[in-house]
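Worksheet for the structure shown next.
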Amino acid sequence: MFNQYLGISPKSDLLLLQMFAAKLNKRSFLHINSTREGGGVAEILQRMIPILRELGIDARWEVIEGDSIFFDITKKIHNALQGNPEEITKKMWQYHYEVNRKNAEKLNLEADAVLIHDPQPAPLITFKKTGLWMWRCHIDVSNPQNEVCDYLMQYCEKYDATIFSVAKFAKAMAIDEFIVSPSIDPVSDKNRELTDEEITETLSKFQIPTDRPIVLQVSRFDRFKDPIGVIKAFRIVNKYNDCILILAGSPATDDPEGEIVLNEVKEYAANDPDIYILLLPTFSDKDINALQRIATIILQKSLKEGFGLTVSESMWKGKPVIGGAVGGIPLQIIHGVTGFLVHSVEGAAFRIRQLLNNPEMAKKMGDEAKEHVRKNFLITRQVRDYLSIWYALENKGKSILEL
Amino acid sequence: MAEIIEPFEFKQCISILKSTGKKAKNLRELRDVIEVVSDECIFHHTYQYFIKGHVLEYTNDFAHWAGESLEERALSEHLSNIDPYDFKEINDLRNQLLAVIDVYLKSFPEPREAMPGDEFCFNETMTLIFPVGIRAKNLAEFLTAIKYVETGSVYYHFYEARIRLGGGIDDFSRWIEDAFGKRELAERIRAIDPFMHNLEGIREHITEAVEEEVRKDMEVIDRCLTSI
């Protein structure tokens with residue numbers, strides 16, 4: 001598997017991975033999150049664990065279990081951390097802790113390094129036995145509800161280090177705070193090259209016409225992804241340019257609001273024949289890949305975003321991406337170079353029109369975008385960063401390490 | 001017996017970003033945090049600016065933020081004019097940054113605050129240095145290598161070396177001078193302005209200089225003609 005990245009990932013990343021493989025051989029690395037499927041975190045872990053194992057690291061991935069009450073609470077915590085007004089009562093925090101306590105009884109938490117992903121399993125730190133524990137925050141906490149954030153930080157500060165996706169998400173804390181961007185896997189079904197037959201298969205499955213330019217947004221049906229705003233932008237564009245819009249997303253088991261938002265979107269689209277709303281089953285990676293490859297322009301018009309991996313996915317396919325200037329999107333889109341950053345429905349509509357009318361500009365941006373992703377947002381770089389942090393924590397105090 | 005020449009070992013460095021958790025939303029806050037923040041943080045926002053494939057408009061993160069987020073163009077120009085290699089101690093560089101900001105605060109109306117979400121985030125880095133597995137024994141091998149090593153390697157030997165070696169000297173020119181006594185070529189590499197090019201530009205200039213030298217060494221015909 002590792003060999004598949006030769007000629008794709010930067011050579012230095014592969015070299016460093018081999019160096020770490022020698023240093024961390026047979027040592028254990030445990031990852032814990034709250035869902036096996038749906039959403040960026042599960043997706044990264046599905047790909048990262050086999051790579052770590054192939055490097056000779058004893059990597060494990062555990063998922064905490066919870067009932068619908070637990071996931072309703074964690075969704076509220078998630079929303080509050082992203083700035084939505086939510087009330088998390090003392091009883092709810094207690095429930096959050098209790099579910100984690102029960103999981104701690106069942107899970108084997110012993111490992112040389114433990115990486116806990118997002119707030120759902122954050123209280124597991126209370127049950128730490130051995131090893132270095134790191135808390136990985138994948139969400140946009142730049143403007144959280146302070147009360148909720150402060151409560152959660154009580155857990156976070158017990159860790160050996162925290163990892164955020166973007167520097168502006170980091171808080172003033174007494175522990176090491178590393179910044180690691182998430183990544184995409186260039187050889188996964190979602191990102192590998194596809195044959196013409198594979199693309200045609202997807203197009204006919206969803207009966208998508210190819211006689212007009214396609215504007216696409218791929219993301220779960222979540223208000224923070226602003227699917228309604230995308231439709232509004234599309235309606236402005238449609239007055240000037242004949243094109244179609246595809247909104248495609250998969251459900252996530254830890255997101256109970258998905259269905260409600262999907263229905264809102266369908267209602268707003270009002271059976272417009274130029275708008276295709278696709279609720280894709282989980283593991284529709286090849287279809288998503290095909291949609292991104294066939295699209296003319298790709299949007300990620302998020303209002304809040306942890307990182308927005310779909311941006312890198314689309315850029316990897318050489319597409320110009322128009323993204324909301326939030327969260328990690330500005331790290332991926334260099335405005336005017338690898339895509340456009342927008343702040344409004346009108347801005348999104350203007351940039352769509354600009355790209356539809358300038359195919360050469362769109363092609364140049366797409367090429368720059370792909371190279372930017374190759375250098376910065378491939379999975380090999382992320383594995384490299386996690387292993388570097390583990391290694392650095394074991395050599396605490398040194399800001400320069402020579403291998 | 002031929003003299004043994006120490007080969008040039010290409011190394012590279014990567015940096016993992018660390019947040020200090022400190023932020024500034026206006027110029028006064030920026031100034032106050034610069035005053036107290038760690039040396040590693042000042043180092044990152046000045047010397048390490050060049051590893052990012054920098055925008056040639058600016059020469060450090062403070063100037064970049066002043067220009068792009070506060071839209072204080074004059075301040076950004078003043079800050080960009082600070083040469084971090086002029087200072088032996090980080091504290092001297094810190095004091096120079098403070099002096100420039102203080103003069104600006106006295107001479108100009110108070111700048112507006114940055115937009116929410118656009119605050120200056122003070123970071124540091126953890127740096128890993130490693131050999132990339134390429135050794136050059138002569139200038140021809142060096143020429144081949146410099147063309148395809150990653151830009152991180154160019155950064156390590158051209159920019160980072162200036163901090164290690166001092167005096168505006170980089171690893172490439174030092175090796176060329178020490179191993180082959182080619183002072184002229186070494187001086188030509190040292191004369192490449194580190195502020196005026198991004199890493200690819202630096203690579204191009206070094207390649208051009210070395211290529212010319214290698215060609216000159218190979219062209220025996222020229223020497224034959226001169227001796228006629």
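As shown in the structure tokens, the chain order sets the letters A, B, ...; within each chain, residues go from 1, and ligands are also counted from 1 in the order they appear.
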Pull out every residue of chain A sitting within 10 Å of chain B, counting only C-alpha atoms, and send them as a short mmCIF file (atom, residue, chain, number, x, y, z; two decimals) with all heavy atoms, in the first residue's frame.
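The resulting file, result_29.cif, is shown below:
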```cif
data_model
loop_
_atom_site.label_atom_id
_atom_site.label_comp_id
_atom_site.auth_asym_id
_atom_site.auth_seq_id
_atom_site.Cartn_x
_atom_site.Cartn_y
_atom_site.Cartn_z
N PRO A 10 4.87 13.92 -1.88
CA PRO A 10 6.24 14.45 -1.86
C PRO A 10 7.21 13.41 -1.29
O PRO A 10 6.89 12.73 -0.31
CB PRO A 10 6.12 15.67 -0.94
CG PRO A 10 4.70 16.08 -1.02
CD PRO A 10 3.92 14.81 -1.19
N LYS A 11 8.36 13.29 -1.93
CA LYS A 11 9.33 12.26 -1.55
C LYS A 11 9.77 12.41 -0.09
O LYS A 11 9.97 11.43 0.62
CB LYS A 11 10.54 12.38 -2.48
CG LYS A 11 11.32 11.12 -2.62
CD LYS A 11 12.46 11.31 -3.60
CE LYS A 11 13.62 10.43 -3.20
NZ LYS A 11 14.88 10.88 -3.74
N SER A 12 9.92 13.67 0.35
CA SER A 12 10.40 13.89 1.71
C SER A 12 9.44 13.33 2.75
O SER A 12 9.85 12.84 3.80
CB SER A 12 10.62 15.38 1.96
OG SER A 12 9.42 16.08 1.76
N ASP A 13 8.14 13.40 2.47
CA ASP A 13 7.16 12.86 3.42
C ASP A 13 7.31 11.35 3.53
O ASP A 13 7.26 10.77 4.62
CB ASP A 13 5.73 13.20 2.96
CG ASP A 13 5.41 14.69 3.11
OD1 ASP A 13 6.25 15.40 3.69
OD2 ASP A 13 4.34 15.12 2.66
N LEU A 15 9.98 9.62 2.90
CA LEU A 15 11.26 9.34 3.55
C LEU A 15 11.13 9.46 5.07
O LEU A 15 11.59 8.59 5.82
CB LEU A 15 12.26 10.38 3.02
CG LEU A 15 13.72 10.08 3.12
CD1 LEU A 15 14.05 8.86 2.28
CD2 LEU A 15 14.53 11.28 2.62
N LEU A 16 10.49 10.51 5.51
CA LEU A 16 10.31 10.70 6.95
C LEU A 16 9.46 9.59 7.55
O LEU A 16 9.73 9.13 8.67
CB LEU A 16 9.63 12.05 7.21
CG LEU A 16 10.54 13.19 7.62
CD1 LEU A 16 9.74 14.45 7.84
CD2 LEU A 16 11.31 12.87 8.89
N MET A 19 11.59 6.75 8.22
CA MET A 19 12.47 6.99 9.38
C MET A 19 11.70 6.78 10.68
O MET A 19 12.19 6.17 11.62
CB MET A 19 13.04 8.40 9.33
CG MET A 19 14.10 8.58 8.28
SD MET A 19 14.70 10.27 8.28
CE MET A 19 15.74 10.25 6.85
N SER A 142 -13.33 28.63 16.55
CA SER A 142 -12.77 29.98 16.59
C SER A 142 -13.67 30.97 17.33
O SER A 142 -13.21 31.96 17.86
CB SER A 142 -12.50 30.48 15.18
OG SER A 142 -13.66 30.38 14.39
N ASN A 143 -14.98 30.67 17.34
CA ASN A 143 -15.89 31.60 17.98
C ASN A 143 -16.96 30.82 18.75
O ASN A 143 -18.14 30.90 18.46
CB ASN A 143 -16.53 32.48 16.89
CG ASN A 143 -17.29 33.64 17.47
OD1 ASN A 143 -17.01 34.06 18.61
ND2 ASN A 143 -18.27 34.13 16.74
N THR A 162 -2.77 19.02 22.59
CA THR A 162 -3.98 19.09 21.75
C THR A 162 -3.52 19.35 20.32
O THR A 162 -2.42 19.87 20.09
CB THR A 162 -4.91 20.23 22.17
OG1 THR A 162 -4.14 21.43 22.20
CG2 THR A 162 -5.54 19.99 23.51
N ILE A 163 -4.38 18.98 19.40
CA ILE A 163 -4.07 19.23 17.98
C ILE A 163 -5.29 19.88 17.34
O ILE A 163 -6.41 19.34 17.43
CB ILE A 163 -3.74 17.91 17.24
CG1 ILE A 163 -2.56 17.19 17.92
CG2 ILE A 163 -3.42 18.18 15.78
CD1 ILE A 163 -2.29 15.79 17.38
N PHE A 164 -5.08 21.04 16.74
CA PHE A 164 -6.16 21.73 16.03
C PHE A 164 -5.85 21.72 14.53
O PHE A 164 -4.70 21.59 14.14
CB PHE A 164 -6.28 23.17 16.53
CG PHE A 164 -6.75 23.28 17.95
CD1 PHE A 164 -5.85 23.30 19.01
CD2 PHE A 164 -8.12 23.34 18.24
CE1 PHE A 164 -6.29 23.39 20.32
CE2 PHE A 164 -8.56 23.43 19.56
CZ PHE A 164 -7.64 23.46 20.60
N VAL A 166 -6.50 24.31 12.46
CA VAL A 166 -6.14 25.65 11.99
C VAL A 166 -5.68 26.45 13.22
O VAL A 166 -6.26 26.34 14.29
CB VAL A 166 -7.37 26.35 11.35
CG1 VAL A 166 -7.01 27.71 10.82
CG2 VAL A 166 -7.96 25.50 10.24
N ALA A 167 -4.63 27.28 13.05
CA ALA A 167 -4.06 28.00 14.19
C ALA A 167 -5.09 28.86 14.90
O ALA A 167 -5.07 28.99 16.12
CB ALA A 167 -2.89 28.85 13.71
N LYS A 168 -6.02 29.45 14.14
CA LYS A 168 -6.95 30.38 14.81
C LYS A 168 -7.97 29.65 15.70
O LYS A 168 -8.68 30.28 16.47
CB LYS A 168 -7.63 31.31 13.82
CG LYS A 168 -8.52 30.68 12.82
CD LYS A 168 -9.03 31.77 11.86
CE LYS A 168 -9.67 31.13 10.65
NZ LYS A 168 -9.92 32.06 9.59
N PHE A 169 -8.03 28.31 15.60
CA PHE A 169 -8.93 27.56 16.49
C PHE A 169 -8.30 27.34 17.86
O PHE A 169 -9.01 27.01 18.81
CB PHE A 169 -9.25 26.17 15.91
CG PHE A 169 -9.97 26.18 14.59
CD1 PHE A 169 -10.16 25.01 13.89
CD2 PHE A 169 -10.48 27.36 14.06
CE1 PHE A 169 -10.82 24.99 12.67
CE2 PHE A 169 -11.14 27.36 12.84
CZ PHE A 169 -11.31 26.17 12.14
N ALA A 170 -6.98 27.45 17.96
CA ALA A 170 -6.29 27.12 19.20
C ALA A 170 -6.65 28.12 20.30
O ALA A 170 -6.92 29.29 20.04
CB ALA A 170 -4.79 27.11 18.96
N LYS A 171 -6.66 27.61 21.53
CA LYS A 171 -7.01 28.44 22.69
C LYS A 171 -5.74 28.64 23.53
O LYS A 171 -4.79 27.88 23.40
CB LYS A 171 -8.04 27.71 23.56
CG LYS A 171 -9.25 27.22 22.81
CD LYS A 171 -10.22 28.35 22.62
CE LYS A 171 -11.02 28.14 21.35
NZ LYS A 171 -11.56 29.33 20.76
N ALA A 172 -5.80 29.61 24.44
CA ALA A 172 -4.68 29.77 25.37
C ALA A 172 -4.76 28.62 26.38
O ALA A 172 -5.69 28.55 27.18
CB ALA A 172 -4.78 31.12 26.07
N MET A 173 -3.85 27.69 26.29
CA MET A 173 -3.87 26.53 27.18
C MET A 173 -2.48 26.29 27.75
O MET A 173 -1.48 26.75 27.21
CB MET A 173 -4.30 25.27 26.39
CG MET A 173 -5.74 25.30 25.94
SD MET A 173 -6.08 23.98 24.75
CE MET A 173 -6.62 22.70 25.85
N ALA A 174 -2.47 25.50 28.83
CA ALA A 174 -1.18 25.27 29.49
C ALA A 174 -0.43 24.07 28.90
O ALA A 174 0.61 23.69 29.41
CB ALA A 174 -1.44 25.06 30.98
N ILE A 175 -0.97 23.47 27.87
CA ILE A 175 -0.30 22.31 27.27
C ILE A 175 0.09 22.63 25.83
O ILE A 175 -0.36 23.62 25.26
CB ILE A 175 -1.21 21.06 27.30
CG1 ILE A 175 -2.56 21.36 26.64
CG2 ILE A 175 -1.41 20.58 28.72
CD1 ILE A 175 -3.42 20.14 26.42
N ASP A 176 0.90 21.74 25.25
CA ASP A 176 1.32 21.94 23.85
C ASP A 176 0.11 21.89 22.93
O ASP A 176 -0.75 21.01 23.05
CB ASP A 176 2.28 20.83 23.43
CG ASP A 176 3.69 21.09 23.92
OD1 ASP A 176 4.02 22.27 24.12
OD2 ASP A 176 4.43 20.12 24.10
N GLU A 177 0.06 22.84 21.98
CA GLU A 177 -1.04 22.86 21.00
C GLU A 177 -0.43 22.83 19.60
O GLU A 177 0.20 23.79 19.18
CB GLU A 177 -1.84 24.15 21.14
CG GLU A 177 -2.56 24.28 22.46
CD GLU A 177 -3.25 25.64 22.58
OE1 GLU A 177 -4.33 25.79 22.01
OE2 GLU A 177 -2.67 26.53 23.22
N PHE A 178 -0.60 21.72 18.94
CA PHE A 178 -0.05 21.57 17.59
C PHE A 178 -1.12 21.87 16.55
O PHE A 178 -2.32 21.72 16.82
CB PHE A 178 0.48 20.15 17.38
CG PHE A 178 1.69 19.84 18.21
CD1 PHE A 178 1.56 19.24 19.47
CD2 PHE A 178 2.95 20.16 17.76
CE1 PHE A 178 2.67 18.96 20.24
CE2 PHE A 178 4.08 19.89 18.53
CZ PHE A 178 3.94 19.28 19.77
N ILE A 179 -0.66 22.28 15.39
CA ILE A 179 -1.59 22.56 14.29
C ILE A 179 -1.31 21.57 13.16
O ILE A 179 -0.21 21.55 12.60
CB ILE A 179 -1.41 24.01 13.75
CG1 ILE A 179 -1.39 25.02 14.90
CG2 ILE A 179 -2.46 24.34 12.71
CD1 ILE A 179 -2.63 25.08 15.75
N VAL A 180 -2.30 20.75 12.88
CA VAL A 180 -2.15 19.75 11.81
C VAL A 180 -3.38 19.80 10.92
O VAL A 180 -4.51 19.57 11.38
CB VAL A 180 -2.00 18.32 12.40
CG1 VAL A 180 -2.00 17.28 11.28
CG2 VAL A 180 -0.71 18.21 13.21
N SER A 181 -3.17 20.09 9.65
CA SER A 181 -4.31 20.10 8.73
C SER A 181 -4.71 18.66 8.44
O SER A 181 -3.85 17.79 8.37
CB SER A 181 -3.92 20.71 7.39
OG SER A 181 -3.13 21.82 7.58
N ALA A 325 -15.12 31.72 3.10
CA ALA A 325 -13.85 32.07 3.74
C ALA A 325 -13.91 31.77 5.23
O ALA A 325 -13.78 32.66 6.06
CB ALA A 325 -13.53 33.54 3.50
N VAL A 326 -14.13 30.52 5.57
CA VAL A 326 -14.27 30.14 6.98
C VAL A 326 -13.43 28.92 7.30
O VAL A 326 -13.10 28.13 6.40
CB VAL A 326 -15.75 29.85 7.36
CG1 VAL A 326 -16.60 31.10 7.29
CG2 VAL A 326 -16.33 28.75 6.47
N GLY A 327 -13.12 28.78 8.60
CA GLY A 327 -12.41 27.58 9.07
C GLY A 327 -11.14 27.34 8.28
O GLY A 327 -10.33 28.24 8.07
N ARG A 384 2.68 11.71 8.71
CA ARG A 384 4.00 12.25 9.07
C ARG A 384 3.89 13.19 10.26
O ARG A 384 4.66 13.12 11.21
CB ARG A 384 4.56 13.00 7.85
CG ARG A 384 5.88 13.68 8.06
CD ARG A 384 6.05 14.82 7.06
NE ARG A 384 5.42 16.04 7.51
CZ ARG A 384 5.44 17.20 6.86
NH1 ARG A 384 6.03 17.27 5.69
NH2 ARG A 384 4.86 18.28 7.35
N ASP A 385 2.88 14.09 10.23
CA ASP A 385 2.72 15.07 11.31
C ASP A 385 2.37 14.40 12.64
O ASP A 385 2.91 14.76 13.68
CB ASP A 385 1.64 16.10 10.94
CG ASP A 385 2.12 17.09 9.90
OD1 ASP A 385 3.29 17.01 9.50
OD2 ASP A 385 1.32 17.95 9.49
N TYR A 386 1.45 13.43 12.61
CA TYR A 386 1.08 12.75 13.86
C TYR A 386 2.29 12.03 14.47
O TYR A 386 2.52 12.09 15.68
CB TYR A 386 -0.04 11.72 13.61
CG TYR A 386 -1.42 12.34 13.44
CD1 TYR A 386 -2.43 11.65 12.78
CD2 TYR A 386 -1.73 13.60 13.96
CE1 TYR A 386 -3.71 12.19 12.62
CE2 TYR A 386 -2.98 14.15 13.79
CZ TYR A 386 -3.97 13.45 13.13
OH TYR A 386 -5.22 13.99 12.97
N SER A 388 5.40 12.75 13.94
CA SER A 388 6.35 13.78 14.39
C SER A 388 5.97 14.29 15.78
O SER A 388 6.84 14.49 16.63
CB SER A 388 6.36 14.99 13.43
OG SER A 388 6.67 14.61 12.14
N ILE A 389 4.68 14.49 15.99
CA ILE A 389 4.23 15.01 17.29
C ILE A 389 4.47 13.98 18.39
O ILE A 389 4.96 14.31 19.48
CB ILE A 389 2.74 15.44 17.21
CG1 ILE A 389 2.62 16.67 16.31
CG2 ILE A 389 2.18 15.73 18.60
CD1 ILE A 389 1.21 17.06 15.97
N ALA A 392 8.05 14.04 19.03
CA ALA A 392 8.45 15.28 19.71
C ALA A 392 8.04 15.25 21.19
O ALA A 392 8.80 15.68 22.05
CB ALA A 392 7.81 16.48 19.02
N GLY A 397 10.56 19.27 25.09
CA GLY A 397 11.43 20.41 25.37
C GLY A 397 12.28 20.82 24.18
O GLY A 397 12.82 21.90 24.13
N LYS A 398 12.42 19.92 23.20
CA LYS A 398 13.27 20.27 22.06
C LYS A 398 12.43 20.83 20.92
O LYS A 398 11.46 20.20 20.50
CB LYS A 398 14.01 19.02 21.56
CG LYS A 398 15.08 18.53 22.53
CD LYS A 398 15.84 17.39 21.90
CE LYS A 398 16.75 16.74 22.93
NZ LYS A 398 17.21 15.43 22.49
N SER A 399 12.80 22.01 20.45
CA SER A 399 12.04 22.57 19.33
C SER A 399 12.69 22.21 17.99
O SER A 399 12.09 22.38 16.94
CB SER A 399 11.88 24.08 19.48
OG SER A 399 13.14 24.67 19.52
N ILE A 400 13.94 21.72 18.04
CA ILE A 400 14.58 21.25 16.81
C ILE A 400 15.07 19.82 17.04
O ILE A 400 15.79 19.54 18.01
CB ILE A 400 15.78 22.14 16.42
CG1 ILE A 400 15.29 23.57 16.14
CG2 ILE A 400 16.51 21.58 15.21
CD1 ILE A 400 16.37 24.56 15.82
N LEU A 401 14.64 18.93 16.20
CA LEU A 401 15.03 17.53 16.34
C LEU A 401 15.72 17.09 15.06
O LEU A 401 15.20 17.31 13.97
CB LEU A 401 13.79 16.66 16.58
CG LEU A 401 13.07 16.86 17.91
CD1 LEU A 401 11.68 16.26 17.87
CD2 LEU A 401 13.86 16.25 19.05
N GLU A 402 16.86 16.45 15.21
CA GLU A 402 17.56 15.97 14.02
C GLU A 402 17.42 14.45 13.95
O GLU A 402 17.67 13.75 14.92
CB GLU A 402 19.04 16.39 14.09
CG GLU A 402 19.70 16.29 12.75
CD GLU A 402 20.78 17.34 12.51
OE1 GLU A 402 21.01 18.18 13.39
OE2 GLU A 402 21.37 17.31 11.41
N LEU A 403 16.98 13.97 12.79
CA LEU A 403 16.78 12.52 12.67
C LEU A 403 18.00 11.88 12.01
O LEU A 403 18.58 12.44 11.10
CB LEU A 403 15.54 12.23 11.82
CG LEU A 403 14.20 12.56 12.46
CD1 LEU A 403 13.09 12.40 11.45
CD2 LEU A 403 13.92 11.66 13.65
#
```
Name all residues at most 9 Å from B:Tyr85 (count only C-alpha atoms; drop same-chain ones fewer than 4 positions away) and give them as a tab-separated table (two decimals) with N, CA and C atoms, in the first residue's frame.
```
chain	number	residue	atom	x	y	z
B	47	TYR	N	12.15	34.58	10.44
B	47	TYR	CA	13.07	33.73	9.65
B	47	TYR	C	12.31	32.67	8.86
B	93	LEU	N	16.18	41.62	17.28
B	93	LEU	CA	15.19	41.66	16.21
B	93	LEU	C	13.82	42.06	16.79
B	162	ARG	N	21.91	30.36	7.00
B	162	ARG	CA	22.36	31.73	7.31
B	162	ARG	C	22.31	31.99	8.81
B	163	ILE	N	21.38	31.33	9.49
B	163	ILE	CA	21.28	31.52	10.94
B	163	ILE	C	22.39	30.72	11.62
B	166	GLY	N	25.91	32.37	9.93
B	166	GLY	CA	26.11	33.82	10.08
B	166	GLY	C	26.81	34.43	8.88
B	167	GLY	N	26.90	35.73	8.87
B	167	GLY	CA	27.66	36.45	7.84
B	167	GLY	C	27.13	36.30	6.43
B	168	GLY	N	25.83	36.02	6.29
B	168	GLY	CA	25.23	35.90	4.96
B	168	GLY	C	25.74	34.70	4.18
```
Run DSSP on the backbone of this structure and report the residues of stretch 17-181 of chain B it assigns to strand (DSSP E or B), as a PyMOL selection string.
chain B and resi 17-24+120-136
May I have the residues from that selection written out with C-alpha atoms, as a CSV table (one decimal), in the first residue's frame?
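See out_20.csv below for the written result:
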```
chain,number,residue,atom,x,y,z
B,17,LEU,CA,3.2,24.4,13.6
B,18,LYS,CA,2.5,25.0,17.3
B,19,SER,CA,0.1,27.6,18.6
B,20,THR,CA,1.0,29.8,21.6
B,21,GLY,CA,-2.7,30.5,22.0
B,22,LYS,CA,-2.0,34.2,21.9
B,23,LYS,CA,-3.8,36.4,19.4
B,24,ALA,CA,-3.8,40.1,18.5
B,120,PHE,CA,-2.9,37.6,14.2
B,121,CYS,CA,-2.2,34.2,15.7
B,122,PHE,CA,1.2,33.8,17.4
B,123,ASN,CA,2.7,30.5,16.5
B,124,GLU,CA,6.0,28.6,17.0
B,125,THR,CA,7.3,25.5,15.3
B,126,MET,CA,8.8,22.2,16.1
B,127,THR,CA,11.4,21.5,13.4
B,128,LEU,CA,12.6,18.2,12.2
B,129,ILE,CA,15.9,18.0,10.2
B,130,PHE,CA,16.7,14.9,8.2
B,131,PRO,CA,19.0,13.8,5.4
B,132,VAL,CA,17.2,13.3,2.1
B,133,GLY,CA,19.6,10.5,1.0
B,134,ILE,CA,21.4,12.5,-1.8
B,135,ARG,CA,25.1,13.2,-1.8
B,136,ALA,CA,27.0,15.2,-4.4
```
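Restricting the calculation to only C-alpha atoms, the smallest distance between A:Arg192 and any of A:Ile64, A:Val99, A:Ala290, A:Cys149 is found for A:Ala290.
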Distance in Å - atom CA of B:Val154 versus atom CA of B:Ile202:
7.8 Å
For A:Trp316, work out the shell of residues within 10 Å, counting only C-alpha atoms and skipping chain neighbours fewer than 3 positions away, then give it as an NGL selection string.
:A and (184-186 or 191-192 or 292-293 or 310-313 or 319-320 or 366-374 or 377-378)
Determine the nearest neighbour of A:Thr282 from the options A:Pro359, A:Gly347, A:Pro85, A:Pro251, counting only C-alpha atoms.
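Checking each of A:Pro359, A:Gly347, A:Pro85, A:Pro251 against A:Thr282, counting only C-alpha atoms, the winner is A:Pro251.
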Select from stretch 44-222 of chain A everything DSSP, run on the backbone, classes as alpha helix (DSSP H), then give the selection as a VMD selection string.
chain A and resid 44 to 54 68 to 81 90 to 106 146 to 156 196 to 205
With C-alpha atoms retained, could you export that selection as an mmCIF file, in the first residue's frame?
```cif
data_model
loop_
_atom_site.group_PDB
_atom_site.id
_atom_site.type_symbol
_atom_site.label_atom_id
_atom_site.label_comp_id
_atom_site.auth_asym_id
_atom_site.auth_seq_id
_atom_site.Cartn_x
_atom_site.Cartn_y
_atom_site.Cartn_z
ATOM 1 C CA ILE A 44 -9.350 9.701 7.381
ATOM 2 C CA LEU A 45 -9.120 6.939 9.979
ATOM 3 C CA GLN A 46 -10.297 4.281 7.518
ATOM 4 C CA ARG A 47 -7.309 5.142 5.351
ATOM 5 C CA MET A 48 -4.737 6.063 7.976
ATOM 6 C CA ILE A 49 -4.881 2.954 10.159
ATOM 7 C CA PRO A 50 -3.742 0.581 7.363
ATOM 8 C CA ILE A 51 -0.872 2.934 6.471
ATOM 9 C CA LEU A 52 0.307 3.049 10.090
ATOM 10 C CA ARG A 53 0.110 -0.746 10.311
ATOM 11 C CA GLU A 54 2.088 -1.167 7.140
ATOM 12 C CA SER A 68 -29.560 8.802 20.629
ATOM 13 C CA ILE A 69 -29.650 10.951 23.790
ATOM 14 C CA PHE A 70 -25.840 10.950 23.846
ATOM 15 C CA PHE A 71 -25.558 11.910 20.196
ATOM 16 C CA ASP A 72 -28.194 14.642 20.591
ATOM 17 C CA ILE A 73 -26.107 16.074 23.411
ATOM 18 C CA THR A 74 -22.836 15.814 21.490
ATOM 19 C CA LYS A 75 -24.454 17.408 18.438
ATOM 20 C CA LYS A 76 -25.506 20.307 20.667
ATOM 21 C CA ILE A 77 -21.968 20.535 22.064
ATOM 22 C CA HIS A 78 -20.640 20.485 18.518
ATOM 23 C CA ASN A 79 -23.030 23.270 17.462
ATOM 24 C CA ALA A 80 -22.216 25.354 20.541
ATOM 25 C CA LEU A 81 -18.488 25.023 19.865
ATOM 26 C CA LYS A 90 -25.148 20.030 34.036
ATOM 27 C CA LYS A 91 -27.238 16.874 33.635
ATOM 28 C CA MET A 92 -26.303 16.668 29.958
ATOM 29 C CA TRP A 93 -22.585 17.008 30.736
ATOM 30 C CA GLN A 94 -23.024 14.287 33.346
ATOM 31 C CA TYR A 95 -24.662 12.031 30.732
ATOM 32 C CA HIS A 96 -21.795 12.776 28.341
ATOM 33 C CA TYR A 97 -19.314 11.731 31.027
ATOM 34 C CA GLU A 98 -21.294 8.609 32.013
ATOM 35 C CA VAL A 99 -21.433 7.291 28.444
ATOM 36 C CA ASN A 100 -17.677 7.769 28.219
ATOM 37 C CA ARG A 101 -17.183 6.013 31.556
ATOM 38 C CA LYS A 102 -19.132 3.002 30.287
ATOM 39 C CA ASN A 103 -17.074 2.994 27.089
ATOM 40 C CA ALA A 104 -13.864 3.202 29.115
ATOM 41 C CA GLU A 105 -14.876 0.009 30.920
ATOM 42 C CA LYS A 106 -15.281 -1.828 27.632
ATOM 43 C CA ASN A 146 -17.569 30.226 25.919
ATOM 44 C CA GLU A 147 -19.404 28.338 28.646
ATOM 45 C CA VAL A 148 -19.477 25.133 26.611
ATOM 46 C CA CYS A 149 -15.902 25.576 25.449
ATOM 47 C CA ASP A 150 -14.641 26.219 28.989
ATOM 48 C CA TYR A 151 -16.337 23.107 30.299
ATOM 49 C CA LEU A 152 -14.803 20.969 27.574
ATOM 50 C CA MET A 153 -11.379 22.538 28.124
ATOM 51 C CA GLN A 154 -11.358 21.050 31.623
ATOM 52 C CA TYR A 155 -10.974 17.683 29.915
ATOM 53 C CA CYS A 156 -8.628 18.923 27.210
ATOM 54 C CA ASP A 196 -14.492 6.912 -18.539
ATOM 55 C CA GLU A 197 -16.736 3.874 -17.998
ATOM 56 C CA GLU A 198 -16.755 4.409 -14.247
ATOM 57 C CA ILE A 199 -17.739 8.062 -14.695
ATOM 58 C CA THR A 200 -20.457 7.203 -17.214
ATOM 59 C CA GLU A 201 -21.836 4.582 -14.840
ATOM 60 C CA THR A 202 -22.343 7.217 -12.125
ATOM 61 C CA LEU A 203 -23.862 9.710 -14.534
ATOM 62 C CA SER A 204 -26.400 7.223 -15.809
ATOM 63 C CA LYS A 205 -27.157 5.965 -12.293
#
```
Mind checking which residues fall within 9 Å of A:Arg220, counting only C-alpha atoms, ignoring those fewer than 3 positions away in the same chain, and posting them as a VMD selection string?
chain A and resid 38 to 39 225 248 to 252 258 262 279
